[in-house]
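**Student:** Structure supplied as final_32.txt; contents: compact mmCIF, C-alpha atoms and all ligand atoms.
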```txt
# COMPACT_ATOMS: atom_id res chain seq x y z
CA MET A 1 0.00 0.00 0.00
CA GLU A 2 2.90 2.23 0.62
CA ASN A 3 3.96 1.83 -3.00
CA GLU A 4 0.46 2.50 -4.21
CA THR A 5 0.35 5.73 -2.14
CA ASN A 6 3.67 6.91 -3.52
CA LYS A 7 2.55 6.16 -7.05
CA LEU A 8 -0.66 8.10 -6.50
CA LEU A 9 1.29 10.96 -4.97
CA GLU A 10 3.62 11.08 -7.94
CA GLU A 11 0.71 10.93 -10.37
CA ALA A 12 -1.14 13.72 -8.58
CA MET A 13 1.95 15.94 -8.41
CA GLN A 14 2.51 15.43 -12.11
CA GLU A 15 -1.06 16.51 -12.84
CA VAL A 16 -0.72 19.53 -10.60
CA GLU A 17 2.39 20.61 -12.48
CA ASN A 18 0.76 20.04 -15.86
CA ALA A 19 -2.42 21.89 -14.99
CA LYS A 20 -2.96 24.86 -17.28
CA SER A 21 -5.68 26.63 -15.34
CA LYS A 22 -7.30 27.01 -11.98
CA GLN A 23 -10.16 24.83 -13.23
CA GLU A 24 -7.78 22.00 -14.05
CA LEU A 25 -6.39 22.22 -10.53
CA PHE A 26 -9.88 21.99 -9.09
CA ASN A 27 -10.34 18.85 -11.17
CA VAL A 28 -7.11 17.34 -9.79
CA ASN A 29 -8.37 18.13 -6.34
CA THR A 30 -11.66 16.34 -6.96
CA ASN A 31 -10.01 13.37 -8.68
CA PHE A 32 -7.47 12.72 -5.96
CA LEU A 33 -8.69 14.28 -2.73
CA GLY A 34 -12.46 14.43 -3.31
CA LYS A 35 -14.98 12.21 -1.54
CA ASN A 36 -14.98 9.76 -4.44
CA GLY A 37 -11.39 10.45 -5.37
CA LYS A 38 -8.46 8.10 -5.68
CA PHE A 39 -7.16 8.72 -2.17
CA SER A 40 -10.53 8.04 -0.60
CA ALA A 41 -10.57 4.74 -2.44
CA LEU A 42 -7.12 3.96 -1.02
CA MET A 43 -8.21 4.97 2.46
CA LYS A 44 -10.98 2.43 2.27
CA LYS A 45 -8.38 -0.28 1.79
CA LEU A 46 -6.75 0.67 5.08
CA LYS A 47 -9.05 -1.66 6.91
CA ASP A 48 -7.38 -4.60 5.08
CA VAL A 49 -3.94 -3.63 6.35
CA LEU A 50 -2.58 -5.52 9.33
CA PRO A 51 -3.61 -3.66 12.47
CA GLU A 52 0.01 -3.11 13.56
CA ASN A 53 0.84 -1.40 10.23
CA ARG A 54 -2.32 0.69 9.99
CA ALA A 55 -1.01 3.71 11.89
CA LYS A 56 2.14 3.88 9.78
CA ILE A 57 0.32 3.51 6.45
CA GLY A 58 -2.38 5.90 7.61
CA ALA A 59 0.30 8.49 8.32
CA ILE A 60 1.90 7.97 4.93
CA LEU A 61 -1.47 8.40 3.28
CA ASN A 62 -2.24 11.60 5.17
CA ASN A 63 1.19 12.94 4.48
CA ALA A 64 0.71 12.38 0.75
CA ARG A 65 -2.72 14.04 0.84
CA GLU A 66 -1.28 17.08 2.56
CA LYS A 67 1.52 17.38 0.03
CA ILE A 68 -0.97 17.31 -2.83
CA ASP A 69 -3.25 19.77 -1.08
CA THR A 70 -0.37 22.20 -0.51
CA ALA A 71 0.79 21.85 -4.10
CA ILE A 72 -2.71 22.51 -5.44
CA ARG A 73 -3.09 25.65 -3.27
CA THR A 74 0.31 26.95 -4.30
CA PHE A 75 -0.47 26.52 -7.98
CA ILE A 76 -3.92 28.11 -7.60
CA LYS A 77 -2.23 31.14 -6.08
CA LYS A 78 0.20 31.24 -8.99
CA PHE A 79 -2.70 31.30 -11.47
CA GLU A 80 -4.52 33.96 -9.49
CA LYS A 81 -1.46 36.16 -9.54
CA GLN A 82 -1.15 35.72 -13.28
CA GLU A 83 -4.84 36.55 -13.74
CA LEU A 84 -4.41 39.72 -11.70
CA GLU A 85 -1.36 40.80 -13.64
CA GLU A 86 -3.21 40.18 -16.87
CA LYS A 87 -6.15 42.22 -15.63
CA ILE A 88 -3.95 45.15 -14.58
CA LYS A 89 -2.24 45.06 -17.94
CA ASN A 90 -5.54 45.14 -19.80
CA GLU A 91 -7.05 47.84 -17.65
CA LYS A 92 -4.12 50.22 -17.97
CA VAL A 93 -5.40 53.77 -18.46
CA ASP A 94 -4.32 55.38 -21.66
CA VAL A 95 -4.03 59.01 -20.69
CA THR A 96 -3.62 60.04 -24.29
CA ILE A 97 -7.18 59.07 -25.21
CA PRO A 98 -9.23 62.28 -25.49
CA VAL A 99 -11.83 62.54 -22.71
CA LYS A 100 -15.52 62.89 -23.42
CA PRO A 101 -16.57 66.54 -23.21
CA TYR A 102 -18.02 67.26 -19.76
CA PRO A 103 -20.60 70.01 -19.29
CA MET A 104 -18.82 72.87 -17.57
CA GLY A 105 -20.46 75.55 -15.49
CA VAL A 106 -19.71 79.22 -15.97
CA LYS A 107 -18.81 81.98 -13.59
CA HIS A 108 -21.62 84.30 -12.61
CA PRO A 109 -21.28 87.72 -14.32
CA ILE A 110 -20.75 89.34 -10.91
CA THR A 111 -17.96 86.91 -9.98
CA GLU A 112 -16.41 87.43 -13.38
CA THR A 113 -16.51 91.21 -12.93
CA GLN A 114 -15.11 90.97 -9.40
CA GLU A 115 -12.23 88.76 -10.48
CA LEU A 116 -11.47 90.93 -13.47
CA LEU A 117 -11.16 94.09 -11.38
CA MET A 118 -9.40 92.44 -8.46
CA ASP A 119 -6.79 91.10 -10.88
CA PHE A 120 -6.37 94.56 -12.34
CA PHE A 121 -5.58 96.04 -8.92
CA VAL A 122 -3.44 93.16 -7.70
CA LYS A 123 -1.24 93.65 -10.75
CA LYS A 124 -0.85 97.27 -9.69
CA GLY A 125 0.42 96.21 -6.29
CA PHE A 126 -2.78 96.60 -4.27
CA THR A 127 -3.30 94.29 -1.30
CA VAL A 128 -6.54 92.33 -1.17
CA ARG A 129 -8.50 92.73 2.06
CA THR A 130 -11.59 90.77 2.94
CA GLY A 131 -14.49 92.01 5.00
CA THR A 132 -17.61 90.47 6.47
CA ASP A 133 -21.23 90.93 5.41
CA ILE A 134 -22.25 91.29 9.04
CA GLU A 135 -20.71 94.40 10.55
CA THR A 136 -21.05 96.52 13.62
CA ASP A 137 -22.69 99.91 13.39
CA TYR A 138 -19.29 101.35 14.31
CA TYR A 139 -17.42 100.06 11.24
CA CYS A 140 -20.31 100.58 8.89
CA PHE A 141 -21.23 104.10 9.96
CA GLU A 142 -19.69 105.70 13.05
CA ALA A 143 -16.04 105.24 12.10
CA LEU A 144 -16.83 106.48 8.60
CA ASN A 145 -18.03 109.75 10.05
CA VAL A 146 -21.72 108.85 9.92
CA PRO A 147 -22.90 109.25 13.52
CA LYS A 148 -26.28 107.98 14.66
CA ASN A 149 -29.11 110.20 13.34
CA HIS A 150 -26.90 111.57 10.56
CA PRO A 151 -29.11 112.19 7.50
CA ALA A 152 -26.67 110.21 5.31
CA ARG A 153 -27.91 107.08 7.06
CA ASP A 154 -31.25 107.44 5.31
CA ALA A 155 -29.91 106.85 1.82
CA GLN A 156 -27.92 103.94 3.13
CA ASP A 157 -30.53 102.39 5.40
CA THR A 158 -29.78 98.76 6.00
CA PHE A 159 -30.97 95.69 7.88
CA TYR A 160 -30.37 95.73 11.60
CA ILE A 161 -29.76 92.52 13.48
CA ASN A 162 -29.84 94.60 16.65
CA ASP A 163 -28.91 98.20 17.53
CA GLU A 164 -25.24 97.52 17.04
CA ILE A 165 -25.05 94.80 14.42
CA VAL A 166 -26.01 95.39 10.81
CA LEU A 167 -25.67 93.90 7.35
CA ARG A 168 -23.05 96.19 5.85
CA THR A 169 -24.46 98.82 3.61
CA HIS A 170 -21.17 99.26 1.75
CA THR A 171 -17.72 97.75 1.51
CA SER A 172 -16.32 101.04 2.89
CA ALA A 173 -16.27 99.37 6.32
CA THR A 174 -13.13 97.56 5.14
CA GLN A 175 -11.37 100.94 4.93
CA ILE A 176 -11.62 101.24 8.71
CA HIS A 177 -10.46 97.67 9.38
CA THR A 178 -7.50 98.27 7.10
CA MET A 179 -6.49 101.56 8.74
CA GLU A 180 -6.74 99.92 12.16
CA LYS A 181 -4.37 97.15 11.17
CA PHE A 182 -1.91 98.78 8.78
CA LYS A 183 0.15 101.92 8.67
CA PRO A 184 0.55 103.87 5.43
CA PRO A 185 1.51 103.43 2.69
CA ILE A 186 -1.79 101.60 2.15
CA LYS A 187 -3.05 100.39 -1.21
CA MET A 188 -5.91 98.02 -0.70
CA VAL A 189 -8.78 96.62 -2.68
CA SER A 190 -11.73 94.69 -1.32
CA THR A 191 -14.90 93.26 -2.77
CA GLY A 192 -18.03 91.59 -1.53
CA ALA A 193 -21.73 91.83 -0.88
CA ALA A 194 -23.58 94.81 0.57
CA TYR A 195 -27.18 95.29 1.70
CA ARG A 196 -29.63 98.15 1.63
CA VAL A 197 -33.32 98.66 2.31
CA ASP A 198 -34.25 99.11 -1.34
CA GLU A 199 -37.28 97.96 -3.25
CA ILE A 200 -36.44 95.39 -5.89
CA ASP A 201 -36.72 96.68 -9.43
CA GLY A 202 -34.72 96.56 -12.64
CA ARG A 203 -32.02 98.82 -11.20
CA HIS A 204 -32.18 98.20 -7.45
CA SER A 205 -31.77 95.27 -5.14
CA PRO A 206 -31.45 94.95 -1.35
CA PHE A 207 -28.49 92.66 -2.00
CA PHE A 208 -25.70 93.81 -4.27
CA HIS A 209 -21.93 93.90 -4.61
CA GLN A 210 -19.26 96.53 -4.35
CA LEU A 211 -15.57 96.92 -4.80
CA GLU A 212 -13.68 99.29 -2.53
CA ILE A 213 -10.32 100.93 -3.06
CA LEU A 214 -8.29 102.76 -0.45
CA VAL A 215 -4.96 104.48 -1.02
CA VAL A 216 -3.15 106.33 1.78
CA ASP A 217 0.34 107.63 1.14
CA LYS A 218 2.52 110.73 1.01
CA ASN A 219 1.69 113.25 -1.73
CA VAL A 220 -1.60 111.67 -2.76
CA SER A 221 -3.68 114.19 -4.64
CA MET A 222 -6.97 114.25 -6.45
CA ALA A 223 -5.00 113.93 -9.68
CA ASP A 224 -3.84 110.48 -8.53
CA MET A 225 -7.43 109.52 -7.93
CA LYS A 226 -8.54 110.78 -11.32
CA GLY A 227 -5.64 108.99 -13.00
CA THR A 228 -6.63 105.74 -11.28
CA LEU A 229 -10.25 106.19 -12.33
CA GLU A 230 -9.21 106.84 -15.90
CA GLU A 231 -7.23 103.63 -15.92
CA ILE A 232 -10.24 101.74 -14.58
CA GLY A 233 -12.45 103.30 -17.26
CA LYS A 234 -10.03 102.38 -20.06
CA PHE A 235 -9.59 98.89 -18.71
CA LEU A 236 -13.34 98.28 -18.55
CA PHE A 237 -14.64 100.10 -21.60
CA GLY A 238 -11.67 100.65 -23.91
CA GLU A 239 -8.81 103.11 -24.54
CA LYS A 240 -10.98 106.00 -25.69
CA THR A 241 -12.97 106.12 -22.43
CA LYS A 242 -12.93 109.42 -20.56
CA ILE A 243 -13.89 110.07 -16.94
CA ARG A 244 -15.61 113.11 -15.48
CA LEU A 245 -16.08 113.91 -11.83
CA ARG A 246 -19.26 115.46 -10.48
CA PRO A 247 -19.28 116.97 -6.99
CA SER A 248 -21.09 114.81 -4.49
CA TYR A 249 -21.26 114.18 -0.79
CA PHE A 250 -20.03 111.28 1.31
CA PRO A 251 -19.30 111.85 5.00
CA PHE A 252 -16.08 109.83 4.76
CA THR A 253 -14.51 111.79 1.90
CA GLU A 254 -13.76 115.46 1.50
CA PRO A 255 -14.15 116.50 -1.26
CA SER A 256 -16.42 113.79 -2.64
CA ALA A 257 -17.38 113.04 -6.19
CA GLU A 258 -19.31 110.72 -8.40
CA ALA A 259 -17.51 109.56 -11.51
CA ASP A 260 -19.03 109.05 -14.93
CA ALA A 261 -17.42 107.25 -17.83
CA THR A 262 -18.14 108.07 -21.45
CA CYS A 263 -20.94 105.77 -22.55
CA PRO A 264 -19.48 102.50 -23.89
CA LYS A 265 -22.38 102.22 -26.36
CA CYS A 266 -22.32 105.60 -28.12
CA GLY A 267 -18.74 106.49 -27.22
CA GLY A 268 -19.90 109.67 -25.45
CA LYS A 269 -21.87 111.13 -28.35
CA GLY A 270 -25.21 110.75 -26.66
CA ASN A 271 -27.49 111.39 -29.64
CA GLY A 272 -30.18 108.78 -29.71
CA CYS A 273 -28.38 106.46 -27.26
CA SER A 274 -30.71 104.55 -25.00
CA LEU A 275 -28.01 103.30 -22.64
CA CYS A 276 -26.89 106.74 -21.43
CA GLN A 277 -30.25 108.40 -22.00
CA GLN A 278 -28.61 110.60 -24.58
CA THR A 279 -26.21 112.20 -22.09
CA GLY A 280 -23.08 110.47 -23.35
CA TRP A 281 -22.10 109.60 -19.75
CA ILE A 282 -22.68 106.65 -17.46
CA GLU A 283 -22.25 106.88 -13.69
CA ILE A 284 -19.85 104.19 -12.49
CA LEU A 285 -18.67 104.94 -8.95
CA GLY A 286 -18.39 107.14 -5.87
CA CYS A 287 -15.07 108.48 -4.69
CA GLY A 288 -13.23 111.20 -2.84
CA MET A 289 -10.25 112.23 -0.79
CA VAL A 290 -10.35 110.40 2.53
CA ASN A 291 -11.75 112.73 5.18
CA PRO A 292 -8.73 113.87 7.26
CA LYS A 293 -10.77 113.30 10.41
CA ILE A 294 -10.87 109.57 9.66
CA LEU A 295 -7.14 109.43 8.98
CA GLU A 296 -6.43 111.23 12.25
CA ASN A 297 -8.76 108.92 14.18
CA HIS A 298 -6.42 106.15 13.09
CA GLY A 299 -3.24 107.91 14.12
CA ILE A 300 -2.29 108.92 10.60
CA ASN A 301 -0.57 112.31 10.46
CA THR A 302 -2.45 114.35 7.87
CA ASN A 303 0.46 116.78 7.44
CA GLU A 304 2.37 113.88 6.04
CA PHE A 305 -0.28 111.59 4.53
CA GLY A 306 -3.41 111.88 2.46
CA GLY A 307 -5.60 109.39 0.69
CA PHE A 308 -8.36 108.68 -1.73
CA ALA A 309 -11.09 106.08 -1.68
CA VAL A 310 -13.40 104.63 -4.31
CA GLY A 311 -16.55 102.51 -4.14
CA ILE A 312 -17.79 100.79 -7.27
CA GLY A 313 -21.19 99.13 -7.64
CA LEU A 314 -20.58 95.87 -9.46
CA GLU A 315 -24.09 95.05 -10.66
CA ARG A 316 -24.09 98.19 -12.76
CA LEU A 317 -20.72 97.38 -14.23
CA ALA A 318 -21.68 93.79 -14.99
CA MET A 319 -24.89 94.99 -16.62
CA LEU A 320 -22.92 97.39 -18.81
CA ARG A 321 -20.30 94.81 -19.70
CA TYR A 322 -22.72 92.04 -20.57
CA GLY A 323 -25.60 94.14 -21.89
CA ILE A 324 -28.00 93.05 -19.13
CA SER A 325 -30.95 95.40 -18.88
CA ASP A 326 -32.64 94.17 -15.69
CA MET A 327 -30.70 93.74 -12.43
CA ARG A 328 -33.11 91.06 -11.23
CA GLU A 329 -31.67 88.68 -13.81
CA LEU A 330 -28.46 88.64 -11.81
CA PHE A 331 -30.13 87.18 -8.73
CA GLU A 332 -32.77 84.85 -10.05
CA ASN A 333 -30.33 82.04 -10.79
CA ASN A 334 -32.04 81.12 -13.99
CA VAL A 335 -29.67 78.60 -15.56
CA GLU A 336 -30.75 79.48 -19.09
CA PHE A 337 -29.87 83.12 -18.46
CA LEU A 338 -26.54 82.32 -16.79
CA LYS A 339 -25.53 79.89 -19.56
CA GLN A 340 -25.24 82.79 -21.97
CA PHE A 341 -22.03 84.00 -20.37
CA LYS A 342 -19.88 81.14 -21.58
N1 LIG B 1 -19.76 103.70 0.13
C1 LIG B 1 -20.39 104.51 -0.88
C2 LIG B 1 -21.74 103.93 -1.21
O1 LIG B 1 -21.99 102.80 -0.95
C3 LIG B 1 -19.54 104.54 -2.13
C4 LIG B 1 -18.26 105.27 -1.90
C5 LIG B 1 -18.19 106.62 -2.11
C6 LIG B 1 -17.12 104.59 -1.49
C7 LIG B 1 -17.03 107.30 -1.90
C8 LIG B 1 -15.94 105.27 -1.30
C9 LIG B 1 -15.91 106.63 -1.51
O2 LIG B 1 -14.83 104.65 -0.92
O3 LIG B 1 -14.75 107.27 -1.31
O4 LIG B 1 -22.56 104.64 -1.74
```
Go ahead and express the file in the form of structure tokens.
Ligand code: DAH
**Tutor:**
Amino acid sequence: MENETNKLLEEAMQEVENAKSKQELFNVNTNFLGKNGKFSALMKKLKDVLPENRAKIGAILNNAREKIDTAIRTFIKKFEKQELEEKIKNEKVDVTIPVKPYPMGVKHPITETQELLMDFFVKKGFTVRTGTDIETDYYCFEALNVPKNHPARDAQDTFYINDEIVLRTHTSATQIHTMEKFKPPIKMVSTGAAYRVDEIDGRHSPFFHQLEILVVDKNVSMADMKGTLEEIGKFLFGEKTKIRLRPSYFPFTEPSAEADATCPKCGGKGNGCSLCQQTGWIEILGCGMVNPKILENHGINTNEFGGFAVGIGLERLAMLRYGISDMRELFENNVEFLKQFK
């Protein structure tokens, strides 16, 4: 029986080695080690062996079975590894295959306008400051020379969370934060949302966006401000654009002005132009020389330093740039409308 076992072992090992697939190995397993396999048949003969030899033969048999079992497992693993390698090879990603076009979103016209202008100022060496939509009355009004009960608060009436906390009515609040934190020379630009108690119509919204500029340095004059505004005008509406200043009033600037640009549609001619209502000019921003009182409140010596500030309404600019006639379109999030700005 010992010889028979060894023969069977040899036969099984040969078959294991010759197997060409996992399936063939499973077959070897069934044929030799299965319930009706060749080893089971041999086991059955054990009862005919002399009792004193049974243990020895039994051990030989088991030993052989184990060897075959180990060999089968080892070869199965080998096939599995090969299969995996094959799979990895076949699934290799070819990065040179062009991808399927994926529908891309577009930037909102306001975001686009913000980024365009912020880039313009960053390239000129301005520092970007961020502000918060929720402000204290102090930063929004008091520190900008608009005390409580000042009539200028009327035109800028906003939403009060309580007596002291408001939704900022303009980005000018960032001017104060900046002057608190930095000493001149200051060249900062900031943009974000602002809020005002305004009825919604084609030209007004209680939620809108502004961009604020503050420059404080030695020898800053109104000519510097006008030069900056002219550059903005040319950048936005083309080289031929001219800027005019009209006297205005803001408590935080002295003197104050509103700036108009020559109408981008009629080039300043006016006749028959619907965009500028035949005036040839379009109002684009508020500006002025920073009120010396505000500079002094922040420890800035006004014999040495002066400054100018500018506040630009971005909805208006975006509407001019993209030919949008109704401001409400900018806030209704109508995908069909927004898709146009690809
Ligand atoms: N904050 C003003 C507004 O919302 C706009 C403005 C005017 C900003 C003059 C300025 C400025 O920085 O100097 O109406």
**Student:** Counting only C-alpha atoms and all ligand atoms, what residues are within 7 Å of ligand LIG 1 (chain B), given as a PyMOL selection string?
**Tutor:** chain A and resi 169-172+212-214+250+252-253+256+285-290+308-312
**Student:** Skipping near chain neighbours, those fewer than 5 positions away, what residues fall within 8 Å of A:Pro247 using only C-alpha atoms, listed as number ranges by chain?
**Tutor:** A: 255-258
**Student:** For A:Thr158, which residue out of A:Ile134, A:Leu33, A:Leu116, A:Cys273 is the nearest one, using only C-alpha atoms?
**Tutor:** A:Ile134
**Student:** Which one is closest to A:Arg203: A:Gly34, A:Gly313, A:Pro98, A:Pro185? Count only C-alpha atoms.
**Tutor:**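 Among A:Gly34, A:Gly313, A:Pro98, A:Pro185, it is A:Gly313 that comes nearest to A:Arg203.
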**Student:** Tell me which of A:Ala194, A:Val122, A:Ala19, A:Ile243 sits closest to A:Lys78, counting all atoms listed in the file.
**Tutor:**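 When distances to A:Lys78 are compared using all atoms listed in the file, the smallest one comes from A:Ala19.
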**Student:** May I have the residues at most 12 Å from (-1.4, 113.9, -4.3) in the file's coordinates, counting all atoms listed in the file, as a PyMOL selection string?
**Tutor:** chain A and resi 215-228+289-290+304-308
**Student:** With distances taken over all atoms listed in the file, which residue among A:His298, A:Lys183, A:Lys265, A:Lys124 lies nearest A:Ala143?
**Tutor:**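 Ranking A:His298, A:Lys183, A:Lys265, A:Lys124 by distance to A:Ala143, first place goes to A:His298.
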**Student:** Which polymer residues have any atom within 7 Å of an atom of A:Pro206, counting all atoms listed in the file, with same-chain residues fewer than 5 positions away left out, as a list of chain:residue names?
**Tutor:** A:Tyr195, A:Arg196, A:Val197, A:Asp198, A:Glu199, A:Ile200
**Student:** Measuring between only C-alpha atoms, which one of A:Gly58, A:Thr30, A:Val189, A:Gly131 shows the shortest distance to A:Leu167?
**Tutor:** A:Gly131
**Student:** Which of these, A:Ile161, A:Cys140, A:Leu9, A:Ile324, has the shortest distance to A:Gln175 once you count all atoms listed in the file?
**Tutor:**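 So, comparing all the options, the nearest one is A:Cys140.
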**Student:** So the first atom is atom CA of A:Phe337 and the second is atom CA of A:Arg316; what is the distance between them in Å, to one decimal place?
**Tutor:**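 Here the two named atoms are 17.1 Å from each other.
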**Student:** If you count only C-alpha atoms, which residues fall within 12 Å of A:Ala41, apart from same-chain ones fewer than 2 positions away, as number ranges by chain?
**Tutor:** A: 1, 4-5, 8, 31-39, 43-47, 61
**Student:** So what do you get for atom CA of A:His177 versus atom CA of A:Leu295, distance-wise?
**Tutor:**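 Atom-to-atom, atom CA of A:His177 to atom CA of A:Leu295, that is 12.2 Å.
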**Student:** If we count only C-alpha atoms and set the cut-off at 8 Å, which residues sit around A:Thr130, ignoring sequence neighbours fewer than 6 positions away in its own chain? Please answer as a PyMOL selection string.
**Tutor:** chain A and resi 174+190-192
**Student:** So the first atom is atom CA of A:Leu84 and the second is atom CA of A:Val16; what is the distance between them in Å, to one decimal place?
**Tutor:** 20.6 Å
**Student:** Find the residues with any atom within 10 Å of (-16.6, 98.3, -15.5); use all atoms listed in the file and the coordinates as given in the file, and write the answer as an MDAnalysis selection string.
**Tutor:** chainID A and resid 113:114 116:117 232:237 261 264 284:285 312:321
